[in-house]
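Participant: Shown below is the structure under consideration.
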Amino acid sequence: MPWKDLVKNALLGVENSNFKPETISKLEQMGVKTSTEAPRLLADGVAMIAQFRKAGFALKHFEGELPIPSAAQHFNPKNAHLLHLILSGQHAPVLPEYLFLLKKYGKKLPNVELPTLMSLADLQQFWPEIAPLLDDSGYWLLQQHPEWSNWLHEPSQFNWQTAGKSERLAQLQFWRRQSPSFALELLTSSWETESPADKAVFLPCLEIGLSLADEPLLERALDDRRKEVRQAAAIILAKLPGGKLVERMANRAKALFEYKNDKLKIVNLDEPDLSAQRDGILQIHPGWQGGAKAGYLGQIISLVPLSNWVDFFNKTPAEILNLFSQTDWSEVLLQAAVQSAAFHKSAEWATAIFDLWQRNQNLQVWESTSVNHLAKLIGHDAVNSLALKFMKETASLPNEASPVFRLMKNSEAKWNDELSLLIVNRFRMEIVKDYRQFWQLQYLNSYLQMLGLRCNPALFDQLQTGWSNDSVQWRMWEKPVEDMLARVLFRREMELEIRKDA
């Protein structure tokens with residue numbers, strides 16, 4: 001490409017421009033009008049080549065009719081600008097809400113921003129929401145890029161037996177989304193000849209569309225000679241409802257329980273036998289404190305779906321957690337319950353655990369990072385109900401160690417108006433109490449950031465008023481409050497624009 005020649009002419013100045021013949025010829029091939037004046041030719045040439053350099057590959061000559069954008073593709077300029085601000089980083093946290101609103105109001109993504117979207121570092125996370133928002137012209141555009149096209153359809157000329165590791169991994173992931181049974185056939189056909197390292201990489205693909213049809217291959221993997229393969233298979237089987245491994249784990253757990261007169265006692269805590277080790281139970285697990293027995297108990301209970309205990313004890317989740325907390329192994333059982341709820345993604349048990357946390361805040365189990373994962377499982381209504389309940393039990397905003405703070409920070413649920421206004425009113429009172437250093441109140445800034453993302457943007461007018469601008473503390477909080485209000489206003493304008501003509 002004639003990039004160096006264009007740069008040279010730019011440095012010398014357009015009045016001294018003297019483009020090489022090969023540069024003119026190349027620009028003409030690219031579709032640049034070369035009969036124009038030198039400044040315009042330089043600008044057009046740089047703009048065209050910059051796009052080639054950004055793409056990273058040579059474009060093929062296209063023959064045929066271009067797809068016509070759908071009616072939902074015609075975004076007004078302000079709407080397109082709002083999306084640009086999100087993708088440029090100014091309002092990046094708003095992207096999930098933007099995609100949700102497009103779906104809600106039946107709109108499509110503007111094609112002009114697709115290259116930026118496809119360059120997101122966490123594209124894997126957003127792709128399930130992005131794909132349904134593409135129209136025919138968007139799909140066509142992505143098909144022109146050798147990497148982006150892999151997100152859309154089966155790569156051509158694929159041979160499972162001869163393809164490389166990365167290509168086969170992409171194929172497994174693709175077919176598990178399209179036809180889980182076909183992907184299982186592919187992996188089964190070459191299982192015995194796969195290297196242990198490849199087996200450990202391929203097995204997690206079975207979590208996509210996991211069913212009892214995958215159980216025979218996974219059970220075979222439990223007998224593999226390599227530990228990493230056995231562990232990968234055990235983790236997946238533990239996520240399979242109605243599977244044999246889950247049943248075996250539940251039976252082991254029940255053998256450890258002695259339940260009489262509404263009292264629970266832990267018995268028969270021996271080392272894991274060969275059968276338990278085959279199912280992934282380690283003799284010494286680094287993640288469990290308290291010795292080998294605590295590790296054995298914790299591993300088993302954490303892999304059993306907590307729903308098993310409702311019928312076994314004939315109690316509600318809250319009552320079962322209380323039962324666990326009254327045993328000599330309370331810390332291990334509660335930690336295992338937290339991990340099980342996170343592992344099996346149980347919203348009901350996550351809600352019960354946060355309620356217990358509020359009533360027993362001094363237990364060491366709450367230091368586990370798994371508790372943070374539970375917050376993402378709890379539904380919108382339950383988050384608001386729990387948060388309001390916790391907030392009304394105190395007169396101030398709880399600090400970052402409190403259960404209500406960690407619930408709201410790690411949950412993605414939107415806040416209802418009652419919770420939003422309660423928090424902003426508490427915040428206003430907090431910053432005028434007395435003079436403290438900003439670092440002592442840093443956790444309060446998190447409330448502002450959450451408020452900007454979680455509140456109903458229609459509350460903007462109410463949030464904008466009522467601030468004590470003449471207080472001593474205000475100089476520390478003026479900028480964070482302005483940032484919060486700017487985020488809420490942006491979200492309000494975003495929804496107004498997206499729902500136009502819906």
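Chain lettering (A, B, ...) mirrors the order of the structure tokens, residue numbering begins at 1 for each chain separately, and ligand numbering begins at 1 in order of display.
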For Thr465 in chain A, please output as a ChimeraX atom specification all residues within 12 Å (counting only C-alpha atoms; exclusion window: fewer than 4 positions along the same chain).
Facilitator: /A:421,424-425,428,459-461,469,481-482,485
Participant: Write out the residues from the selection above, keeping N, CA and C atoms, as a short mmCIF file (atom, residue, chain, number, x, y, z; two decimals), in the first residue's frame.
Facilitator:
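Done, and the output landed in again_15.cif:
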```cif
data_model
loop_
_atom_site.label_atom_id
_atom_site.label_comp_id
_atom_site.auth_asym_id
_atom_site.auth_seq_id
_atom_site.Cartn_x
_atom_site.Cartn_y
_atom_site.Cartn_z
N LEU A 421 -34.69 6.30 46.07
CA LEU A 421 -34.87 7.56 46.79
C LEU A 421 -34.43 7.43 48.24
N VAL A 424 -30.55 7.80 48.07
CA VAL A 424 -30.08 9.16 47.80
C VAL A 424 -30.36 10.08 48.99
N ASN A 425 -31.48 9.88 49.69
CA ASN A 425 -31.77 10.70 50.87
C ASN A 425 -30.79 10.39 51.99
N ARG A 428 -27.50 12.08 51.12
CA ARG A 428 -27.52 13.53 51.38
C ARG A 428 -27.29 13.83 52.86
N LEU A 459 -36.33 9.28 37.32
CA LEU A 459 -36.20 9.99 38.60
C LEU A 459 -35.22 11.16 38.51
N PHE A 460 -34.69 11.44 37.34
CA PHE A 460 -33.62 12.44 37.21
C PHE A 460 -33.99 13.77 37.87
N ASP A 461 -35.18 14.29 37.63
CA ASP A 461 -35.55 15.60 38.19
C ASP A 461 -35.54 15.57 39.71
N ASN A 469 -25.62 22.40 48.85
CA ASN A 469 -24.44 22.93 48.16
C ASN A 469 -23.56 23.79 49.05
N VAL A 481 -21.33 13.61 42.43
CA VAL A 481 -22.76 13.77 42.27
C VAL A 481 -23.09 14.19 40.83
N GLU A 482 -22.30 15.10 40.28
CA GLU A 482 -22.51 15.52 38.88
C GLU A 482 -22.34 14.34 37.93
N LEU A 485 -25.47 12.17 38.14
CA LEU A 485 -26.60 12.80 37.44
C LEU A 485 -26.42 12.74 35.93
#
```
Participant: Neighbours of range 373-382 of chain A within 9 Å (only C-alpha atoms; same-chain residues fewer than 6 positions away dropped), as number ranges by chain?
Facilitator: A: 338-339, 341-342, 345-351, 353-354, 406-416
Participant: Got a sec: who's within 6 Å of Arg492 in chain A, counting only C-alpha atoms, leaving out chain neighbours fewer than 3 positions off, as a PyMOL selection string?
Facilitator: chain A and resi 457+489+495
Participant: From a DSSP calculation on the backbone, collect every residue of range 240-283 of chain A in strand (DSSP E) and output the set as a PyMOL selection string.
Facilitator: chain A and resi 257-260+263-266
Participant: Quick one: residues within 10 Å of Leu363 in chain A, only C-alpha atoms counted, chain neighbours fewer than 6 positions away excluded, as a VMD selection string?
Facilitator: chain A and resid 325 330 to 331 334 to 335 357
Participant: CA of Ser88 in chain A and CA of Thr116 in chain A, how far apart in Å?
Facilitator: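 Going from CA of Thr116 in chain A over to CA of Ser88 in chain A covers 8.7 Å.
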Participant: Give me the residues near Pro21 in chain A as a list of chain:residue names, where near means some atom within 12 Å (using only C-alpha atoms) and where sequence neighbours in that chain fewer than 5 positions away do not count.
Facilitator: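 So, after excluding close chain neighbours, the residues are A:Pro2, A:Asp5, A:Lys26, A:Leu27, A:Glu28, A:Thr34.
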Participant: Restricted to N, CA and C atoms, what would the selected residues look like written as a compact mmCIF listing (two decimals), in the first residue's frame?
Facilitator:
```txt
# COMPACT_ATOMS: atom_id res chain seq x y z
N PRO A 2 0.41 2.36 -0.61
CA PRO A 2 1.24 3.57 -0.76
C PRO A 2 1.24 4.45 0.49
N ASP A 5 4.28 6.84 0.93
CA ASP A 5 4.28 7.96 0.00
C ASP A 5 3.30 9.04 0.45
N LYS A 26 -2.61 2.71 -7.36
CA LYS A 26 -3.15 1.92 -6.26
C LYS A 26 -4.40 2.57 -5.67
N LEU A 27 -4.39 3.91 -5.54
CA LEU A 27 -5.55 4.60 -4.99
C LEU A 27 -6.75 4.47 -5.92
N GLU A 28 -6.48 4.51 -7.23
CA GLU A 28 -7.57 4.33 -8.18
C GLU A 28 -8.20 2.95 -8.04
N THR A 34 -8.76 10.20 -8.11
CA THR A 34 -7.41 10.78 -8.13
C THR A 34 -7.30 12.04 -8.97
```
Participant: Looking at only C-alpha atoms, which of A:Asn79, A:Asn251, A:Gln358, A:Ser195 is the one that sits closest to Arg225 in chain A?
Facilitator: A:Ser195
Participant: Please provide as an MDAnalysis selection string all residues within 12 Å of Ala80 in chain A, with the sequence filter that same-chain residues fewer than 5 positions apart are discarded (counting only C-alpha atoms).
Facilitator: chainID A and resid 73:75 85:87 98 108:114 494 497:498
Participant: From the list A:Leu210, A:Leu422, A:Leu386, A:Ala197, which residue is nearest Lys239 in chain A when using only C-alpha atoms?
Facilitator: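 Under the stated criterion, the closest residue is A:Leu210.
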Participant: So how many Å separate CA of Gln442 in chain A and CA of Arg359 in chain A, to one decimal?
Facilitator: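 Spanning CA of Gln442 in chain A to CA of Arg359 in chain A is a straight-line distance of 25.6 Å.
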Participant: Calculate how many Å separate CA of Ala163 in chain A from CA of Ser149 in chain A, rounding to one decimal.
Facilitator: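 Going from CA of Ala163 in chain A over to CA of Ser149 in chain A covers 17.9 Å.
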Participant: Ranking A:Pro305, A:Pro128, A:Gly13, A:Gly287 by minimum distance to Thr369 in chain A and counting only C-alpha atoms, which one comes first?
Facilitator: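 Residue with the minimum atom-to-atom distance to Thr369 in chain A: A:Gly287.
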